[in-house]
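Single-structure report; data block below.
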Amino acid sequence: MYREALIDGLWRRNVASVQLLGLCPLLAVSYNLRNALGLSVASSFVLIGSSLAISSIRTLIPNNIRLPCFVLVVATLTTVTTMYMQAFAYDLYIQIALFVQIIVTNCMILGHIESVASKTTLGESLVTAIGTALGFSSALILLGGIRQALEPIMPLATHPAGAFLVAGLTLAGLNFVSDLASRSLKSTD
Amino acid sequence: MKSILTLTLLCVASACILALSNAHTKSYIQQNIEKQELARLEGLVDELDRELLCEQGIELFEVERRGYGGEMSVVVAIQDGSVLGVRVVRHSETPGFDDVLSPDDWIGRFAVEELEGIDAVTRATVTTGAVLLAVEDAIRLYESGVGECTEKR
C-alpha cells in the first residue's frame with residue numbers, strides 16, 4: 001500500500017504533470033537547476049511538515065473552521081522556512097524569495113491536506129506527502145534541468161515565455177509515454 | 001465554542017514556533033543583510049574606514065528617501081564638493097524595475113557624469129527620482145557641514 005502511494009505521487013497522480021497543480025512556482029523558478037532544487041526542498045519541507053501536523057491533530061479540528069486551521073499551519077511552516085533560508089542560504093533566498101513566501105498559497109499543499117492529511121492516519125499521510133513531494137520535486141528539477149540545458153541553443157528557454165513552451169512540451173512528452181505504457185499493458189491483457 | 005478554542009490554541013502554538021525560530025535566526029539574518037549592504041558599496045570607495053576616507057577628502061552620506069515600494073537607503077560619496085558615486089544599499093522596489101539601481105546601470109552614471117546631465121528614467125520614474133532627491137539631500141548635508149569629517153575638524 002505504501003509502495004502504491006509512492007508510485008501514485010511520483011507518476012500516476014503526479015501533482016505537476018497529471019493534476020497540473022502548483023504550476024506558478026513550477027514555471028517561475030525552474031529557469032535553472034539550483035533554484036529548482038532550492039524550491040523543491042522548501043516546498044517538500046512545508047508539505048511534509050504541515051501534512052504531519054494536520055494529520056496528528058485532525059480529530060481536534062472542527063469541520064467548519066478547517067480551512068483557517070490548515071492555512072495557519074502552512075503559513076507558520078512557510079514563515080519558518082523563509083527565516084531559515086534567509087539565515088543559512090541567503091544567496092539562494094534572494095533569487096527565489098517571492099516563490100518561497102507564496103508556498104502558503106500553493107494549491108498542491110492545500111489540496112493534499114484537504115484530501116489526504118485531514119482524513120488519514122499519521123503514517124499514511126506521511127507516505128502520501130513524501131510521494132507528492134517527490135513528484136513535485138522531480139517535475140521541478142526535470143524542468144529546471146531541461147531549461148538550463150537548452151539555454152546555449154535556445155536562450156528563450158530560460159525566459160518566462162520559454163517556461164510555457166518547455167513545460168508544455170515536457171508534459172506532452174510525459175503524457176505520450178504514459179499513454180504508450182497503458183496501451184501496451186492493455187494489449188498484453 | 002470548540003472552534004474558538006481550537007483556533008486560539010493553534011494560533012498560540014504557531015506564535016511560539018515562530019518566536020523560537022525568529023530568536024534562533026535573527027542574528028544570522030542580520031549578519032547576512034549587513035554583509036550584502038557592504039557588498040553593495042563595492043566599487044564606490046576603496047575602503048570603508050571613515051577616517052581614512054576623510055584624509056582623502058571623501059565623505060559618505062547615508063540618506064533615506066521614499067521610493068516606489070517603500071523607504072530606500074542611499075549612500076552618496078562626496079569628494080571635495082563633487083559627487084564621487086552613488087549606491088543604494090537597501091530598498092524595496094519592484095523586482096525587475098530595480099535594475100536601474102545596479103552599479104553598471106543608471107546609478108553608475110553619477111560616477112562619470114555631471115549631476116545636471118542625469119535625468120530620471122521613464123519606466124522607473126519614482127525610483128530614480130527618489131535617488132536624485134537623495135543625492136540632493138546629501139549635497140545639502142555636505143554644504144551645511146554636518147558630515148563626519150567636518151565635525152572632527
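We name chains A, B, ... following the order of the C-alpha cells; residues begin at 1 in each chain, and ligands are numbered from 1 as shown.
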(request) Could you list, as an MDAnalysis selection string, the residues of chain B having an atom within 9 Å of chain A when counting only C-alpha atoms? (result) chainID B and resid 2:3 6:7 10:11 14:15 17:18 21:22 24:33
(request) Name the residues of chain B that fall into helix (DSSP H, G or I) according to DSSP on the backbone, using the chain letters and numbers of this document, as a ChimeraX atom specification. (result) /B:2-40,50-55,98-101,106-112,115-117,122-143,148-152
Output C-alpha atoms for every residue in the selection just made, as a short mmCIF file (atom, residue, chain, number, x, y, z; two decimals), in the first residue's frame.
```
data_model
loop_
_atom_site.label_atom_id
_atom_site.label_comp_id
_atom_site.auth_asym_id
_atom_site.auth_seq_id
_atom_site.Cartn_x
_atom_site.Cartn_y
_atom_site.Cartn_z
CA LYS B 2 -14.92 24.47 20.29
CA SER B 3 -13.97 26.35 17.10
CA ILE B 4 -12.77 29.37 19.02
CA LEU B 5 -10.77 27.26 21.44
CA THR B 6 -9.13 25.19 18.71
CA LEU B 7 -8.17 28.18 16.61
CA THR B 8 -6.85 30.07 19.62
CA LEU B 9 -4.72 27.16 20.76
CA LEU B 10 -3.41 26.65 17.25
CA CYS B 11 -2.55 30.34 16.98
CA VAL B 12 -0.70 30.25 20.29
CA ALA B 13 1.26 27.18 19.17
CA SER B 14 2.15 28.86 15.85
CA ALA B 15 3.22 32.03 17.60
CA CYS B 16 5.53 30.02 19.88
CA ILE B 17 7.12 28.22 16.92
CA LEU B 18 7.59 31.50 15.05
CA ALA B 19 9.06 33.22 18.10
CA LEU B 20 11.53 30.37 18.66
CA SER B 21 12.74 30.26 15.06
CA ASN B 22 12.91 34.05 14.94
CA ALA B 23 15.09 34.07 18.05
CA HIS B 24 17.32 31.42 16.51
CA THR B 25 17.75 33.01 13.05
CA LYS B 26 17.60 36.73 13.82
CA SER B 27 21.32 37.33 14.31
CA TYR B 28 22.28 35.25 11.25
CA ILE B 29 19.81 37.14 9.07
CA GLN B 30 21.10 40.47 10.37
CA GLN B 31 24.66 39.41 9.52
CA ASN B 32 23.63 38.38 6.01
CA ILE B 33 21.84 41.66 5.38
CA GLU B 34 24.79 43.70 6.67
CA LYS B 35 27.17 41.68 4.52
CA GLN B 36 25.00 42.33 1.48
CA GLU B 37 24.77 46.06 2.22
CA LEU B 38 28.56 46.22 2.46
CA ALA B 39 28.86 44.31 -0.81
CA ARG B 40 26.61 46.87 -2.46
CA ARG B 50 35.71 56.78 7.67
CA GLU B 51 38.90 58.34 9.00
CA LEU B 52 41.00 57.12 6.08
CA LEU B 53 38.31 58.37 3.72
CA CYS B 54 38.32 61.76 5.39
CA GLU B 55 42.05 62.05 4.74
CA ASP B 98 15.27 47.85 -9.58
CA ASP B 99 17.85 47.07 -12.26
CA VAL B 100 18.41 50.82 -12.71
CA LEU B 101 19.95 50.67 -9.23
CA TRP B 106 21.72 54.14 -14.44
CA ILE B 107 23.08 54.72 -10.95
CA GLY B 108 26.63 54.22 -12.24
CA ARG B 109 26.30 57.44 -14.26
CA PHE B 110 26.74 59.52 -11.11
CA ALA B 111 30.37 58.43 -11.06
CA VAL B 112 31.15 59.67 -14.57
CA LEU B 115 24.79 65.82 -11.89
CA GLU B 116 22.87 68.26 -14.11
CA GLY B 117 23.03 65.82 -17.01
CA THR B 122 10.99 56.81 -17.71
CA ARG B 123 9.77 53.36 -16.64
CA ALA B 124 11.26 53.82 -13.17
CA THR B 125 10.47 57.49 -12.56
CA VAL B 126 9.67 57.22 -8.87
CA THR B 127 12.67 55.01 -8.11
CA THR B 128 15.20 57.13 -9.96
CA GLY B 129 13.52 60.36 -8.83
CA ALA B 130 13.95 59.26 -5.21
CA VAL B 131 17.66 58.63 -5.82
CA LEU B 132 18.03 62.09 -7.36
CA LEU B 133 16.30 63.66 -4.35
CA ALA B 134 18.55 61.66 -2.02
CA VAL B 135 21.65 62.92 -3.83
CA GLU B 136 20.38 66.49 -3.48
CA ASP B 137 19.80 65.84 0.24
CA ALA B 138 23.35 64.57 0.58
CA ILE B 139 24.77 67.62 -1.18
CA ARG B 140 22.73 69.87 1.09
CA LEU B 141 24.07 67.97 4.12
CA TYR B 142 27.61 68.33 2.81
CA GLU B 143 27.22 72.06 2.22
CA GLU B 148 31.61 63.43 9.94
CA CYS B 149 34.86 64.82 8.59
CA THR B 150 33.82 68.43 9.13
CA GLU B 151 32.68 67.63 12.64
CA LYS B 152 36.07 66.24 13.54
#
```
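You can rank A:Ser44, A:Asn35, A:Thr170, A:Ser50 by their closest distance to Ala97 of chain A using only C-alpha atoms, and at the top of that list sits A:Asn35.
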(request) Excluding Tyr2 of chain A and any residue of its chain fewer than 5 positions from it, enumerate the residues within 8 Å of it, using only C-alpha atoms, and give them as a count of residues only. (result) 3
(request) State, in Å with one decimal place, the distance from atom CA of Gly38 of chain A to atom CA of Ile96 of chain A. (result)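 Pair atom CA of Gly38 of chain A / atom CA of Ile96 of chain A returns 8.2 Å.
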(request) Grab the atom CA of Gln19 of chain A to atom CA of Thr78 of chain A distance for me, in Å with one decimal place. (result) 22.7 Å
Segment 154-169 of chain A surroundings by only C-alpha atoms, 8 Å radius, close-in-sequence under 3 positions cut, as a compact mmCIF listing (two decimals) with N, CA, C and O atoms, in the first residue's frame:
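Writing the result to around-v1.txt gives the following:
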```txt
# COMPACT_ATOMS: atom_id res chain seq x y z
N LEU A 27 6.64 27.09 -13.07
CA LEU A 27 7.05 27.83 -14.27
C LEU A 27 8.05 28.93 -13.92
O LEU A 27 8.97 29.19 -14.67
N ALA A 28 7.85 29.56 -12.75
CA ALA A 28 8.62 30.77 -12.47
C ALA A 28 10.04 30.47 -12.01
O ALA A 28 10.95 31.24 -12.27
N SER A 30 11.84 27.48 -12.37
CA SER A 30 12.61 26.39 -12.98
C SER A 30 13.58 26.85 -14.06
O SER A 30 13.88 26.08 -14.95
N TYR A 31 14.08 28.12 -14.01
CA TYR A 31 14.99 28.51 -15.08
C TYR A 31 16.41 28.00 -14.89
O TYR A 31 17.21 28.05 -15.80
N ASN A 32 16.74 27.53 -13.69
CA ASN A 32 17.98 26.78 -13.58
C ASN A 32 17.86 25.72 -12.48
O ASN A 32 16.93 25.74 -11.67
N LEU A 143 12.27 20.02 -15.14
CA LEU A 143 12.05 21.22 -15.93
C LEU A 143 13.25 22.17 -15.83
O LEU A 143 13.70 22.73 -16.83
N ILE A 146 16.09 20.71 -17.90
CA ILE A 146 15.87 20.86 -19.34
C ILE A 146 16.09 22.31 -19.77
O ILE A 146 16.77 22.60 -20.75
N ARG A 147 15.53 23.25 -18.97
CA ARG A 147 15.64 24.65 -19.37
C ARG A 147 17.08 25.13 -19.33
O ARG A 147 17.53 25.87 -20.21
N GLN A 148 17.82 24.68 -18.28
CA GLN A 148 19.22 25.09 -18.19
C GLN A 148 20.03 24.48 -19.32
O GLN A 148 20.90 25.13 -19.91
N LEU A 150 18.93 23.67 -22.26
CA LEU A 150 18.53 24.24 -23.55
C LEU A 150 19.10 25.64 -23.77
O LEU A 150 19.14 26.12 -24.90
N GLU A 151 19.55 26.29 -22.68
CA GLU A 151 19.93 27.70 -22.79
C GLU A 151 20.95 28.00 -23.89
O GLU A 151 20.76 28.96 -24.65
N ALA A 172 3.55 17.13 -22.60
CA ALA A 172 3.08 16.34 -23.74
C ALA A 172 3.90 15.07 -23.86
O ALA A 172 3.36 13.97 -24.07
N GLY A 173 5.22 15.19 -23.71
CA GLY A 173 6.10 14.03 -23.80
C GLY A 173 5.77 13.00 -22.72
O GLY A 173 5.65 11.80 -23.01
```
(request) Find the residues near Glu113 of chain B: any atom within 12 Å, counting only C-alpha atoms, skip ones fewer than 5 places away on the same chain, and give them as a ChimeraX atom specification. (result) /B:82-86,106-108,118-119
Give me a file of those residues, with N, CA, C and O atoms, as a JSON list (two decimals), in the first residue's frame.
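Output saved as out19.json:
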```
[["chain", "number", "residue", "atom", "x", "y", "z"],
["B", 82, "SER", "N", 32.19, 67.48, -5.03],
["B", 82, "SER", "CA", 31.50, 66.87, -6.17],
["B", 82, "SER", "C", 31.18, 65.41, -5.89],
["B", 82, "SER", "O", 31.88, 64.73, -5.13],
["B", 83, "VAL", "N", 30.10, 64.95, -6.51],
["B", 83, "VAL", "CA", 29.62, 63.59, -6.24],
["B", 83, "VAL", "C", 30.57, 62.58, -6.87],
["B", 83, "VAL", "O", 30.83, 62.61, -8.07],
["B", 84, "LEU", "N", 31.06, 61.68, -6.02],
["B", 84, "LEU", "CA", 32.01, 60.66, -6.50],
["B", 84, "LEU", "C", 31.27, 59.43, -7.00],
["B", 84, "LEU", "O", 31.69, 58.75, -7.95],
["B", 85, "GLY", "N", 30.15, 59.13, -6.37],
["B", 85, "GLY", "CA", 29.38, 57.98, -6.78],
["B", 85, "GLY", "C", 28.21, 57.77, -5.85],
["B", 85, "GLY", "O", 28.17, 58.35, -4.76],
["B", 86, "VAL", "N", 27.23, 56.98, -6.29],
["B", 86, "VAL", "CA", 26.02, 56.76, -5.51],
["B", 86, "VAL", "C", 25.70, 55.27, -5.51],
["B", 86, "VAL", "O", 25.86, 54.59, -6.52],
["B", 106, "TRP", "N", 21.94, 52.71, -14.59],
["B", 106, "TRP", "CA", 21.72, 54.14, -14.44],
["B", 106, "TRP", "C", 22.50, 54.76, -13.29],
["B", 106, "TRP", "O", 23.12, 55.81, -13.44],
["B", 107, "ILE", "N", 22.48, 54.09, -12.13],
["B", 107, "ILE", "CA", 23.08, 54.72, -10.95],
["B", 107, "ILE", "C", 24.60, 54.88, -11.08],
["B", 107, "ILE", "O", 25.22, 55.72, -10.44],
["B", 108, "GLY", "N", 25.20, 54.09, -11.99],
["B", 108, "GLY", "CA", 26.63, 54.22, -12.24],
["B", 108, "GLY", "C", 26.99, 55.53, -12.93],
["B", 108, "GLY", "O", 28.15, 55.96, -12.91],
["B", 118, "ILE", "N", 21.95, 64.24, -15.49],
["B", 118, "ILE", "CA", 21.30, 62.96, -15.19],
["B", 118, "ILE", "C", 19.81, 63.18, -14.90],
["B", 118, "ILE", "O", 19.44, 63.93, -14.00],
["B", 119, "ASP", "N", 18.97, 62.55, -15.70],
["B", 119, "ASP", "CA", 17.52, 62.64, -15.52],
["B", 119, "ASP", "C", 16.99, 61.35, -14.92],
["B", 119, "ASP", "O", 17.67, 60.34, -14.90]]
```
(message) Using Å and a single decimal, report how far atom CA of Arg87 of chain B sits from atom CA of Gly70 of chain B.
(response)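 Atom-to-atom, atom CA of Gly70 of chain B to atom CA of Arg87 of chain B, that is 16.7 Å.
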(request) Taking the chain letters and numbering used in this document, name the residues of chain B that DSSP puts in strand (DSSP E), as number ranges by chain. (result) B: 58-66, 71-79, 82-90
(message) With only C-alpha atoms as the counted atoms, please give the residues lying no more than 9 Å from Leu6 of chain A, apart from itself and same-chain residues fewer than 3 positions off, as a list in words.
(response)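 So, after excluding close chain neighbours, the residues are Met1, Tyr2, Arg3, Gly9, Leu10, Trp11, Val127, Thr128, Ala129, Ile130, Gly131, Thr132, Leu134 and Gly135 of chain A.
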